[in-house]
>>> print(open('work_37.csv').read())   # CSV, C-alpha atoms
chain,number,residue,atom,x,y,z
U,1,MET,CA,6.1,-37.4,-15.6
U,2,ILE,CA,2.6,-36.3,-14.9
U,3,GLY,CA,1.1,-33.6,-17.1
U,4,PHE,CA,-2.1,-31.6,-17.2
U,5,CYS,CA,-4.3,-30.3,-19.9
U,6,LEU,CA,-7.9,-29.3,-20.8
U,7,ALA,CA,-10.2,-31.5,-22.8
U,8,THR,CA,-13.9,-31.5,-23.6
U,9,GLU,CA,-14.6,-35.1,-23.3
U,10,TYR,CA,-13.1,-38.3,-21.9
U,11,ARG,CA,-11.0,-40.2,-24.6
U,12,GLN,CA,-8.7,-43.1,-24.3
U,13,TYR,CA,-5.7,-41.6,-25.9
U,14,LYS,CA,-2.5,-43.6,-25.5
U,15,ARG,CA,0.1,-40.9,-26.1
U,16,VAL,CA,0.6,-37.6,-24.3
U,17,SER,CA,0.8,-35.8,-27.6
U,18,ASP,CA,-2.8,-36.8,-28.4
U,19,TRP,CA,-4.1,-34.7,-25.6
U,20,ARG,CA,-5.1,-31.1,-26.5
U,21,SER,CA,-7.2,-28.2,-25.4
U,22,GLU,CA,-10.6,-28.0,-27.1
U,23,GLN,CA,-14.0,-26.3,-26.5
U,24,GLY,CA,-17.2,-28.3,-26.5
U,25,ASN,CA,-20.3,-27.3,-28.6
U,26,SER,CA,-22.1,-26.4,-25.4
U,27,GLY,CA,-19.2,-24.4,-24.0
U,28,GLU,CA,-18.4,-26.8,-21.2
U,29,THR,CA,-14.8,-27.6,-20.4
U,30,LEU,CA,-13.5,-30.7,-18.7
U,31,VAL,CA,-10.3,-30.9,-16.8
U,32,THR,CA,-8.2,-34.0,-17.4
U,33,CYS,CA,-5.1,-35.2,-15.7
U,34,PHE,CA,-3.1,-37.9,-17.5
U,35,HIS,CA,-0.2,-40.2,-17.2
U,36,PRO,CA,2.0,-41.2,-20.2
U,37,GLU,CA,1.4,-45.0,-19.7
U,38,ASP,CA,-2.2,-44.6,-18.6
U,39,ALA,CA,-5.1,-43.0,-20.4
U,40,GLY,CA,-6.6,-39.9,-18.8
U,41,GLU,CA,-9.3,-39.7,-16.1
U,42,THR,CA,-11.7,-36.9,-16.0
U,43,ILE,CA,-11.6,-35.2,-12.6
U,44,LEU,CA,-13.9,-32.1,-13.1
U,45,ASN,CA,-17.0,-32.1,-15.2
U,46,SER,CA,-19.7,-29.5,-16.0
U,47,GLN,CA,-21.8,-30.5,-13.0
U,48,ASP,CA,-18.9,-29.9,-10.6
U,49,LYS,CA,-17.7,-26.6,-12.0
U,50,GLN,CA,-19.1,-24.2,-9.4
U,51,LEU,CA,-17.0,-25.7,-6.5
U,52,LEU,CA,-13.5,-27.1,-6.9
U,53,ARG,CA,-13.2,-29.9,-4.4
U,54,LYS,CA,-10.2,-31.6,-2.7
U,55,GLN,CA,-11.3,-35.0,-3.9
U,56,SER,CA,-11.0,-33.9,-7.5
U,57,PHE,CA,-7.2,-34.2,-7.1
U,58,GLU,CA,-6.7,-36.9,-4.5
U,59,SER,CA,-5.6,-39.5,-7.1
U,60,PHE,CA,-2.9,-37.2,-8.6
U,61,SER,CA,-0.4,-36.6,-5.9
U,62,ASN,CA,2.5,-36.8,-8.5
U,63,CYS,CA,1.0,-34.2,-10.8
U,64,LYS,CA,3.6,-31.5,-11.6
U,65,PHE,CA,1.6,-29.2,-13.9
U,66,LEU,CA,-1.9,-27.9,-13.3
U,67,ARG,CA,-3.8,-25.4,-15.4
U,68,LEU,CA,-7.3,-24.3,-14.6
U,69,VAL,CA,-8.6,-21.7,-17.0
U,70,ASN,CA,-12.1,-20.6,-18.1
U,71,LEU,CA,-13.8,-23.2,-16.0
U,72,GLY,CA,-16.5,-21.1,-14.5
U,73,ILE,CA,-15.2,-21.9,-11.0
U,74,VAL,CA,-16.5,-19.5,-8.4
U,75,ASP,CA,-15.2,-21.2,-5.2
U,76,VAL,CA,-12.7,-23.7,-4.0
U,77,GLU,CA,-12.2,-25.7,-0.9
U,78,ILE,CA,-9.5,-24.3,1.3
U,79,ASP,CA,-7.4,-27.5,1.1
U,80,VAL,CA,-8.2,-28.3,-2.5
U,81,PHE,CA,-4.5,-28.8,-3.5
U,82,SER,CA,-3.3,-30.3,-0.2
U,83,THR,CA,-2.7,-33.8,-1.7
U,84,MET,CA,-0.6,-32.4,-4.6
U,85,HIS,CA,2.8,-32.4,-2.9
U,86,ASN,CA,4.7,-32.6,-6.2
U,87,LEU,CA,2.9,-29.8,-7.9
U,88,LYS,CA,5.4,-27.3,-9.3
U,89,TYR,CA,3.5,-25.1,-11.8
U,90,LEU,CA,-0.1,-23.9,-10.9
U,91,THR,CA,-2.1,-21.6,-13.2
U,92,ILE,CA,-5.6,-20.4,-12.4
U,93,GLY,CA,-7.1,-17.9,-14.7
U,94,ASN,CA,-10.2,-16.2,-16.2
U,95,ASP,CA,-12.5,-17.1,-13.3
U,96,ASP,CA,-14.0,-15.5,-10.3
U,97,ILE,CA,-12.3,-17.1,-7.3
U,98,VAL,CA,-11.7,-15.9,-3.8
U,99,ILE,CA,-8.1,-16.5,-2.7
U,100,ARG,CA,-8.1,-17.5,1.0
U,101,PRO,CA,-5.3,-18.1,3.6
U,102,GLY,CA,-4.4,-21.8,3.7
U,103,MET,CA,-5.3,-22.4,0.0
U,104,PHE,CA,-1.6,-23.1,-0.9
U,105,ASP,CA,-0.4,-24.7,2.3
U,106,GLY,CA,1.9,-27.7,1.8
U,107,LEU,CA,2.7,-26.9,-1.8
U,108,ASN,CA,6.2,-26.8,-3.2
U,109,LEU,CA,5.4,-24.5,-6.2
U,110,LYS,CA,8.0,-22.9,-8.4
U,111,ILE,CA,5.6,-20.8,-10.4
U,112,LEU,CA,2.1,-19.6,-9.3
U,113,SER,CA,-0.1,-17.8,-11.8
U,114,LEU,CA,-3.4,-16.3,-10.7
U,115,TYR,CA,-4.5,-14.0,-13.5
U,116,ASN,CA,-7.8,-12.3,-14.3
U,117,LEU,CA,-9.5,-13.7,-11.2
U,118,SER,CA,-11.2,-10.5,-10.0
U,119,ILE,CA,-9.0,-10.6,-6.9
U,120,ASN,CA,-9.6,-7.4,-4.9
U,121,VAL,CA,-7.7,-8.2,-1.7
U,122,LEU,CA,-4.6,-10.3,-1.0
U,123,PRO,CA,-4.7,-11.2,2.7
U,124,GLU,CA,-1.5,-10.9,4.7
U,125,LYS,CA,0.7,-13.9,4.6
U,126,ILE,CA,-1.5,-15.5,1.9
U,127,PHE,CA,1.6,-17.1,0.3
U,128,ASP,CA,3.4,-17.9,3.5
U,129,GLY,CA,5.0,-21.4,3.2
U,130,LEU,CA,5.7,-21.1,-0.5
U,131,ASP,CA,9.4,-20.7,0.3
U,132,ARG,CA,10.4,-22.4,-3.0
U,133,LEU,CA,8.3,-20.1,-5.2
U,134,MET,CA,10.3,-18.3,-7.9
U,135,GLU,CA,7.7,-16.6,-10.0
U,136,LEU,CA,4.4,-15.0,-8.9
U,137,LEU,CA,2.0,-13.8,-11.6
U,138,LEU,CA,-0.9,-11.7,-10.5
U,139,HIS,CA,-1.7,-9.7,-13.6
U,140,GLN,CA,-5.1,-8.4,-14.6
U,141,ASN,CA,-6.6,-8.4,-11.1
U,142,PRO,CA,-8.3,-5.3,-9.6
U,143,LEU,CA,-6.0,-5.4,-6.5
U,144,ASN,CA,-7.1,-2.7,-4.1
U,145,GLY,CA,-6.0,-4.3,-0.8
U,146,ILE,CA,-2.4,-5.2,-1.0
U,147,ASN,CA,0.6,-4.4,1.2
U,148,SER,CA,4.1,-5.8,2.0
U,149,GLU,CA,2.7,-8.5,4.3
U,150,SER,CA,0.8,-10.0,1.4
U,151,PHE,CA,4.1,-11.1,0.1
U,152,TYR,CA,5.4,-12.5,3.4
U,153,GLY,CA,7.6,-15.6,3.0
U,154,LEU,CA,8.5,-15.1,-0.7
U,155,SER,CA,12.2,-14.8,-0.2
U,156,ARG,CA,13.1,-16.7,-3.3
U,157,VAL,CA,10.8,-15.0,-5.8
U,158,HIS,CA,12.7,-13.3,-8.6
U,159,ARG,CA,9.9,-12.4,-11.0
U,160,VAL,CA,6.5,-10.7,-10.3
U,161,ARG,CA,3.8,-9.6,-12.7
U,162,LEU,CA,1.3,-7.0,-11.4
U,163,ASP,CA,0.5,-5.5,-14.7
U,164,TYR,CA,-2.9,-4.1,-15.4
U,165,SER,CA,-4.0,-4.2,-11.8
U,166,ASN,CA,-4.7,-1.4,-9.4
U,167,VAL,CA,-1.5,-1.8,-7.4
U,168,ILE,CA,0.3,1.3,-6.4
U,169,VAL,CA,4.0,0.8,-5.6
U,170,THR,CA,4.7,2.1,-2.2
U,171,PRO,CA,8.0,2.1,-0.2
U,172,GLY,CA,8.7,-1.3,1.2
U,173,LEU,CA,6.0,-3.1,-0.8
U,174,PHE,CA,8.5,-5.8,-1.9
U,175,LYS,CA,10.6,-5.9,1.3
U,176,HIS,CA,9.9,-9.6,1.8
U,177,MET,CA,11.2,-10.4,-1.7
U,178,PRO,CA,15.0,-9.8,-1.4
U,179,GLY,CA,15.6,-11.8,-4.6
U,180,LEU,CA,13.1,-9.8,-6.8
U,181,SER,CA,14.9,-8.9,-10.0
U,182,ILE,CA,12.1,-8.8,-12.7
U,183,LEU,CA,9.0,-6.7,-12.2
U,184,ASP,CA,6.1,-5.8,-14.5
U,185,ILE,CA,3.7,-3.2,-13.3
U,186,SER,CA,2.5,-2.0,-16.8
U,187,GLY,CA,-0.9,-0.3,-17.0
U,188,THR,CA,-1.1,0.3,-13.2
U,189,PRO,CA,-1.8,3.7,-11.5
U,190,PHE,CA,1.3,5.8,-11.2
U,191,GLU,CA,2.1,7.8,-8.1
U,192,PHE,CA,5.7,8.8,-7.8
U,193,ASN,CA,7.4,8.3,-4.5
U,194,PRO,CA,11.1,9.0,-4.1
U,195,ASN,CA,11.5,5.7,-2.1
U,196,MET,CA,9.3,3.5,-4.3
U,197,TRP,CA,12.2,1.2,-5.2
U,198,SER,CA,13.5,0.7,-1.8
U,199,ASN,CA,14.3,-2.9,-0.7
U,200,VAL,CA,14.6,-4.1,-4.3
U,201,ALA,CA,17.5,-4.7,-6.6
U,202,LEU,CA,15.7,-4.9,-10.0
U,203,GLU,CA,17.5,-5.9,-13.1
U,204,SER,CA,14.4,-5.7,-15.4
U,205,LEU,CA,11.5,-3.2,-15.0
U,206,ARG,CA,8.5,-3.0,-17.3
U,207,LEU,CA,6.4,0.2,-17.2
U,208,ASP,CA,4.5,0.0,-20.5
U,209,ASN,CA,1.4,2.1,-20.7
U,210,PHE,CA,2.2,3.5,-17.2
U,211,GLY,CA,0.8,7.0,-17.8
U,212,LEU,CA,4.2,8.6,-17.8
U,213,SER,CA,4.3,12.0,-19.4
U,214,ASP,CA,7.6,13.1,-18.1
U,215,LEU,CA,10.9,11.3,-17.5
U,216,ASN,CA,12.1,12.7,-14.3
U,217,VAL,CA,15.5,11.3,-13.3
U,218,ASP,CA,14.3,10.9,-9.7
U,219,ILE,CA,11.9,8.1,-10.8
U,220,TRP,CA,14.9,5.8,-11.0
U,221,THR,CA,16.2,6.5,-7.5
U,222,GLY,CA,17.2,3.2,-6.0
U,223,LEU,CA,17.7,1.4,-9.3
U,224,GLU,CA,21.1,2.9,-10.3
U,225,GLY,CA,23.3,0.0,-9.6
U,226,THR,CA,21.2,-2.9,-10.8
U,227,LEU,CA,18.8,-2.1,-13.6
U,228,ARG,CA,19.7,-3.6,-17.0
U,229,ARG,CA,16.4,-3.6,-18.9
U,230,LEU,CA,13.8,-0.8,-18.9
U,231,TYR,CA,10.6,-1.0,-20.9
U,232,LEU,CA,8.6,2.3,-21.3
U,233,ASN,CA,6.5,1.6,-24.4
U,234,PHE,CA,3.1,3.2,-24.9
U,235,ASN,CA,3.7,6.1,-22.6
U,236,HIS,CA,3.2,9.7,-23.7
U,237,PHE,CA,6.0,12.3,-23.8
U,238,GLN,CA,6.9,14.4,-26.8
U,239,SER,CA,10.5,14.8,-25.9
U,240,ILE,CA,13.3,13.1,-24.0
U,241,ARG,CA,14.9,15.8,-22.0
U,242,ALA,CA,18.5,16.0,-20.7
U,243,HIS,CA,19.6,13.6,-18.0
U,244,SER,CA,16.4,11.5,-18.1
U,245,PHE,CA,18.4,8.4,-17.4
U,246,GLN,CA,21.5,9.9,-16.0
U,247,TYR,CA,22.3,7.5,-13.1
U,248,LEU,CA,21.3,4.2,-14.8
U,249,THR,CA,24.9,3.3,-15.5
U,250,LYS,CA,24.2,-0.5,-15.7
U,251,LEU,CA,21.3,-0.1,-18.2
U,252,GLN,CA,21.8,-2.1,-21.4
U,253,TYR,CA,18.4,-2.2,-23.1
U,254,LEU,CA,15.9,0.7,-23.2
U,255,GLN,CA,12.6,0.5,-25.0
U,256,LEU,CA,10.7,3.7,-25.9
U,257,ASN,CA,8.4,2.5,-28.6
U,258,GLU,CA,5.0,4.1,-29.5
U,259,CYS,CA,5.5,7.0,-27.1
U,260,GLY,CA,4.8,9.9,-29.4
U,261,ILE,CA,8.4,11.2,-29.1
U,262,GLN,CA,9.2,14.1,-31.4
U,263,HIS,CA,12.4,15.4,-29.9
U,264,ILE,CA,15.5,13.8,-28.4
U,265,ASN,CA,17.3,16.6,-26.6
U,266,ALA,CA,20.9,17.1,-25.8
U,267,GLN,CA,22.2,14.8,-23.1
U,268,ALA,CA,19.0,12.8,-23.2
U,269,PHE,CA,21.0,9.6,-22.8
U,270,GLU,CA,23.8,11.1,-20.7
U,271,GLY,CA,25.1,8.6,-18.2
U,272,LEU,CA,24.1,5.4,-20.1
U,273,THR,CA,27.6,4.1,-20.3
U,274,ALA,CA,26.6,0.4,-20.6
U,275,ILE,CA,23.8,0.9,-23.1
U,276,ILE,CA,23.6,-1.7,-26.0
U,277,LYS,CA,20.3,-1.0,-27.6
U,278,ILE,CA,17.7,1.8,-27.6
U,279,SER,CA,14.4,1.1,-29.3
U,280,LEU,CA,12.4,4.1,-30.6
U,281,ASP,CA,9.9,2.4,-33.0
U,282,GLY,CA,6.6,4.0,-33.8
U,283,ASN,CA,7.5,7.5,-32.8
U,284,ASP,CA,7.2,10.7,-34.9
U,285,ILE,CA,10.7,11.9,-34.4
U,286,ILE,CA,11.5,15.4,-35.8
U,287,ASN,CA,14.8,16.1,-34.3
U,288,ILE,CA,17.7,14.3,-32.6
U,289,ASP,CA,20.2,16.5,-31.0
U,290,ILE,CA,23.7,15.6,-31.9
U,291,ASN,CA,24.7,15.7,-28.3
U,292,MET,CA,22.1,13.2,-27.1
U,293,PHE,CA,24.8,11.1,-25.3
U,294,GLY,CA,26.6,14.2,-24.0
U,295,SER,CA,30.1,13.3,-22.9
U,296,THR,CA,29.2,9.8,-21.9
U,297,PRO,CA,31.9,7.2,-22.8
U,298,LEU,CA,30.2,4.3,-24.4
U,299,ASP,CA,31.4,0.8,-23.4
U,300,ASN,CA,29.5,-1.1,-26.1
U,301,GLN,CA,28.5,-0.9,-29.8
U,302,VAL,CA,25.1,0.9,-29.6
U,303,GLU,CA,22.1,-0.1,-31.7
U,304,LEU,CA,19.6,2.6,-32.2
U,305,ASP,CA,16.4,1.0,-33.6
U,306,PHE,CA,14.1,3.6,-35.0
U,307,GLY,CA,11.9,1.0,-36.7
U,308,CYS,CA,9.1,2.8,-38.6
U,309,SER,CA,9.6,6.1,-36.8
U,310,SER,CA,9.7,9.2,-38.9
U,311,SER,CA,13.2,9.9,-40.2
U,312,PRO,CA,15.5,12.1,-38.1
U,313,CYS,CA,17.2,15.0,-39.9
U,314,ILE,CA,20.1,14.1,-42.3
U,315,GLN,CA,22.7,16.0,-40.2
U,316,ASP,CA,21.9,13.7,-37.2
U,317,LEU,CA,22.4,10.5,-39.3
U,318,CYS,CA,25.8,11.8,-40.4
U,319,TRP,CA,26.8,12.6,-36.9
U,320,LEU,CA,25.6,9.3,-35.6
U,321,GLU,CA,27.8,7.4,-38.0
U,322,LYS,CA,30.8,9.4,-36.9
U,323,ARG,CA,30.0,9.3,-33.2
U,324,MET,CA,29.5,5.5,-33.1
U,325,SER,CA,31.5,4.1,-35.9
U,326,GLU,CA,30.1,0.5,-35.5
U,327,THR,CA,26.6,1.4,-34.5
U,328,HIS,CA,23.8,-0.5,-36.1
U,329,LEU,CA,21.1,1.8,-37.4
U,330,GLU,CA,17.7,0.1,-37.9
U,331,ARG,CA,15.7,2.4,-40.1
U,332,CYS,CA,12.4,2.5,-42.0
U,333,GLY,CA,14.3,1.7,-45.2
U,334,ARG,CA,14.7,-1.9,-43.9
U,335,GLN,CA,11.1,-2.4,-42.8
U,336,CYS,CA,8.8,0.0,-44.5
U,337,ASN,CA,8.1,1.5,-47.9
U,338,ASN,CA,7.9,5.2,-46.8
U,339,TYR,CA,11.6,5.9,-46.5
U,340,ASP,CA,13.3,6.8,-49.8
U,341,ARG,CA,16.9,5.8,-49.0
U,342,SER,CA,18.4,3.2,-46.8
U,343,VAL,CA,20.8,4.4,-44.1
U,344,GLU,CA,23.7,2.5,-45.8
U,345,GLN,CA,23.1,4.3,-49.1
U,346,TYR,CA,22.7,7.7,-47.4
U,347,LEU,CA,25.9,7.4,-45.4
U,348,LYS,CA,27.7,6.4,-48.5
U,349,ASP,CA,26.4,9.4,-50.4
U,350,GLU,CA,26.5,12.1,-47.7
U,351,CYS,CA,29.0,11.1,-45.0
>>> encode(input="work_37.csv", output="structure tokens")
Amino acid sequence: MIGFCLATEYRQYKRVSDWRSEQGNSGETLVTCFHPEDAGETILNSQDKQLLRKQSFESFSNCKFLRLVNLGIVDVEIDVFSTMHNLKYLTIGNDDIVIRPGMFDGLNLKILSLYNLSINVLPEKIFDGLDRLMELLLHQNPLNGINSESFYGLSRVHRVRLDYSNVIVTPGLFKHMPGLSILDISGTPFEFNPNMWSNVALESLRLDNFGLSDLNVDIWTGLEGTLRRLYLNFNHFQSIRAHSFQYLTKLQYLQLNECGIQHINAQAFEGLTAIIKISLDGNDIINIDINMFGSTPLDNQVELDFGCSSSPCIQDLCWLEKRMSETHLERCGRQCNNYDRSVEQYLKDEC
């Protein structure tokens, strides 16, 4: 198998395990492609770093893994990867590269990662031809020009990262990705649209640091029958109001860590019939209403993880033990020093 790594000088290592990533005293980085039975050959040196050329990779048609990070590359030839027909995993990061049509023609990639490349515009059909691609990672790019045609031809993609970019999810943005099931758009601008999740069947959605201040049930329209994991960490809402997740009947894991939550209102988790775990770590919880699940019949043992959140009132802990007899309660007493009694001891004494 052909591998790929970064090194700072050419060395005649005989074992794959001897290759490692280093940083030279002068800050230069050399890219080295190697074979297990053959010592490596340097294919990009400090003099070539401004332009990544096709001939750099002509001798490595069997290479499967390629990682180009922090190389100071500012431009690439259009057909730079055209000889790498066996390449499956391509990562380019932390550089200032213009992504052009034709750059990925002829590749049979499974995973493509283009992160922190100062990409502003994704041309239409830029990924056309990557019909075997399964994961597309475009995080930390200032993407201003992007539309559904940018993703044309990506029918097999099931995971997309667009976190910490300027992408605004609009109806039909992912219409060319019928297999999309895992999406991360954390830290992106939020503009609610009632049809924003059309043409997708997401199972996992990450909206950390998304600027949410209110959990309107309409936000989840279109995700009711598929969503199983929802991440809402580092948003800002003091309370979880009634019916915030009412129609997410397939949801199993919900994270609400570090959101400044103080109140969990009655029927806050109404409708979460399949829920397995709710994480509420790092919140200043003052009150949990005893009817937070409303009349919802729970299919599973439910784990409420309060981590190092402030302690809910004693009445609520008693009720939780009676309401969910086999519920696991993760509390400050197990992780921190600022909780005077463990849940187990409290329930023994009071309930």
>>> atom_distance(input="work_37.csv", atom1="CA of Ser148 in chain U", atom2="CA of His176 in chain U")
6.9 Å
>>> atom_distance(input="work_37.csv", atom1="CA of Val69 in chain U", atom2="CA of Leu87 in chain U")
16.8 Å
>>> closest_residue(input="work_37.csv", among="U:Phe306, U:Tyr152, U:Phe210, U:Tyr115", to="Gly282 in chain U", atoms="all atoms listed in the file")
U:Phe306
>>> residues_around(input="work_37.csv", residues="Leu251 in chain U", least_positions_apart="5", cutoff="6 Å", atoms="only C-alpha atoms", output="ChimeraX atom specification")
/U:227-228,274-275
>>> closest_residue(input="work_37.csv", among="U:His236, U:Arg206, U:Arg229, U:Lys125", to="Leu272 in chain U", atoms="all atoms listed in the file")
U:Arg229
>>> closest_residue(input="work_37.csv", among="U:Gly307, U:Gly179, U:Gly187, U:Gly294", to="Val200 in chain U", atoms="all atoms listed in the file")
U:Gly179
>>> atom_distance(input="work_37.csv", atom1="CA of Tyr164 in chain U", atom2="CA of Pro142 in chain U")
8.0 Å
>>> closest_residue(input="work_37.csv", among="U:Thr83, U:Asn116, U:Ser198, U:Thr226", to="Thr249 in chain U", atoms="all atoms listed in the file")
U:Thr226
>>> closest_residue(input="work_37.csv", among="U:Ser150, U:Thr170, U:Asn300, U:Asn108", to="Glu124 in chain U", atoms="all atoms listed in the file")
U:Ser150
>>> closest_residue(input="work_37.csv", among="U:Gly72, U:Gly172, U:Gly102, U:Gly222", to="Leu52 in chain U", atoms="only C-alpha atoms")
U:Gly72
>>> residues_around(input="work_37.csv", residues="Leu180 in chain U", least_positions_apart="4", cutoff="10 Å", atoms="all atoms listed in the file", output="ChimeraX atom specification")
/U:134-135,154-160,174-176,199-204
>>> closest_atom_pairs(input="work_37.csv", of="range 192-229 of chain U", to="range 259-265 of chain U", cutoff="10 Å", atoms="only C-alpha atoms", output="tab-separated table")
residue	atom	partner	partner_atom	distance
U:Asp208	CA	U:Cys259	CA	9.7
U:Asn209	CA	U:Cys259	CA	9.0
U:Leu212	CA	U:Cys259	CA	9.5
U:Ser213	CA	U:Cys259	CA	9.3
>>> axis_aligned_box(input="work_37.csv", around="range 266-273 of chain U", padding_each_side="4 Å", output="AutoDock Vina command-line options")
--center_x 23.3 --center_y 10.6 --center_z -22.0 --size_x 16.6 --size_y 21.0 --size_z 15.6
>>> build_atoms(input="work_37.csv", residues="range 213-226 of chain U", atoms="N, CA and C atoms", output="PDB file, keeping the file's coordinate frame")
ATOM      1  N   SER U 213       4.205  10.926 -18.476  1.00  0.00           N
ATOM      2  CA  SER U 213       4.300  12.000 -19.400  1.00  0.00           C
ATOM      3  C   SER U 213       5.562  12.818 -19.294  1.00  0.00           C
ATOM      4  N   ASP U 214       6.369  12.449 -18.318  1.00  0.00           N
ATOM      5  CA  ASP U 214       7.600  13.100 -18.100  1.00  0.00           C
ATOM      6  C   ASP U 214       8.630  12.128 -17.523  1.00  0.00           C
ATOM      7  N   LEU U 215       9.849  12.167 -18.020  1.00  0.00           N
ATOM      8  CA  LEU U 215      10.900  11.300 -17.500  1.00  0.00           C
ATOM      9  C   LEU U 215      11.762  12.004 -16.538  1.00  0.00           C
ATOM     10  N   ASN U 216      11.314  12.054 -15.322  1.00  0.00           N
ATOM     11  CA  ASN U 216      12.100  12.700 -14.300  1.00  0.00           C
ATOM     12  C   ASN U 216      13.142  11.731 -13.767  1.00  0.00           C
ATOM     13  N   VAL U 217      14.362  12.178 -13.713  1.00  0.00           N
ATOM     14  CA  VAL U 217      15.500  11.300 -13.300  1.00  0.00           C
ATOM     15  C   VAL U 217      15.250  10.715 -11.928  1.00  0.00           C
ATOM     16  N   ASP U 218      14.484  11.407 -11.079  1.00  0.00           N
ATOM     17  CA  ASP U 218      14.300  10.900  -9.700  1.00  0.00           C
ATOM     18  C   ASP U 218      13.427   9.638  -9.688  1.00  0.00           C
ATOM     19  N   ILE U 219      12.725   9.344 -10.764  1.00  0.00           N
ATOM     20  CA  ILE U 219      11.900   8.100 -10.800  1.00  0.00           C
ATOM     21  C   ILE U 219      12.765   6.887 -10.607  1.00  0.00           C
ATOM     22  N   TRP U 220      14.017   6.965 -11.012  1.00  0.00           N
ATOM     23  CA  TRP U 220      14.900   5.800 -11.000  1.00  0.00           C
ATOM     24  C   TRP U 220      15.723   5.671  -9.727  1.00  0.00           C
ATOM     25  N   THR U 221      15.471   6.536  -8.767  1.00  0.00           N
ATOM     26  CA  THR U 221      16.200   6.500  -7.500  1.00  0.00           C
ATOM     27  C   THR U 221      16.093   5.130  -6.845  1.00  0.00           C
ATOM     28  N   GLY U 222      17.225   4.496  -6.597  1.00  0.00           N
ATOM     29  CA  GLY U 222      17.200   3.200  -6.000  1.00  0.00           C
ATOM     30  C   GLY U 222      17.512   2.059  -6.980  1.00  0.00           C
ATOM     31  N   LEU U 223      17.500   2.389  -8.277  1.00  0.00           N
ATOM     32  CA  LEU U 223      17.700   1.400  -9.300  1.00  0.00           C
ATOM     33  C   LEU U 223      19.080   1.557 -10.006  1.00  0.00           C
ATOM     34  N   GLU U 224      19.859   2.499  -9.543  1.00  0.00           N
ATOM     35  CA  GLU U 224      21.100   2.900 -10.300  1.00  0.00           C
ATOM     36  C   GLU U 224      22.070   1.795 -10.477  1.00  0.00           C
ATOM     37  N   GLY U 225      22.267   0.971  -9.471  1.00  0.00           N
ATOM     38  CA  GLY U 225      23.300   0.000  -9.600  1.00  0.00           C
ATOM     39  C   GLY U 225      22.968  -1.360 -10.077  1.00  0.00           C
ATOM     40  N   THR U 226      21.673  -1.558 -10.425  1.00  0.00           N
ATOM     41  CA  THR U 226      21.200  -2.900 -10.800  1.00  0.00           C
ATOM     42  C   THR U 226      20.484  -2.998 -12.107  1.00  0.00           C
TER      43      THR U 226
END
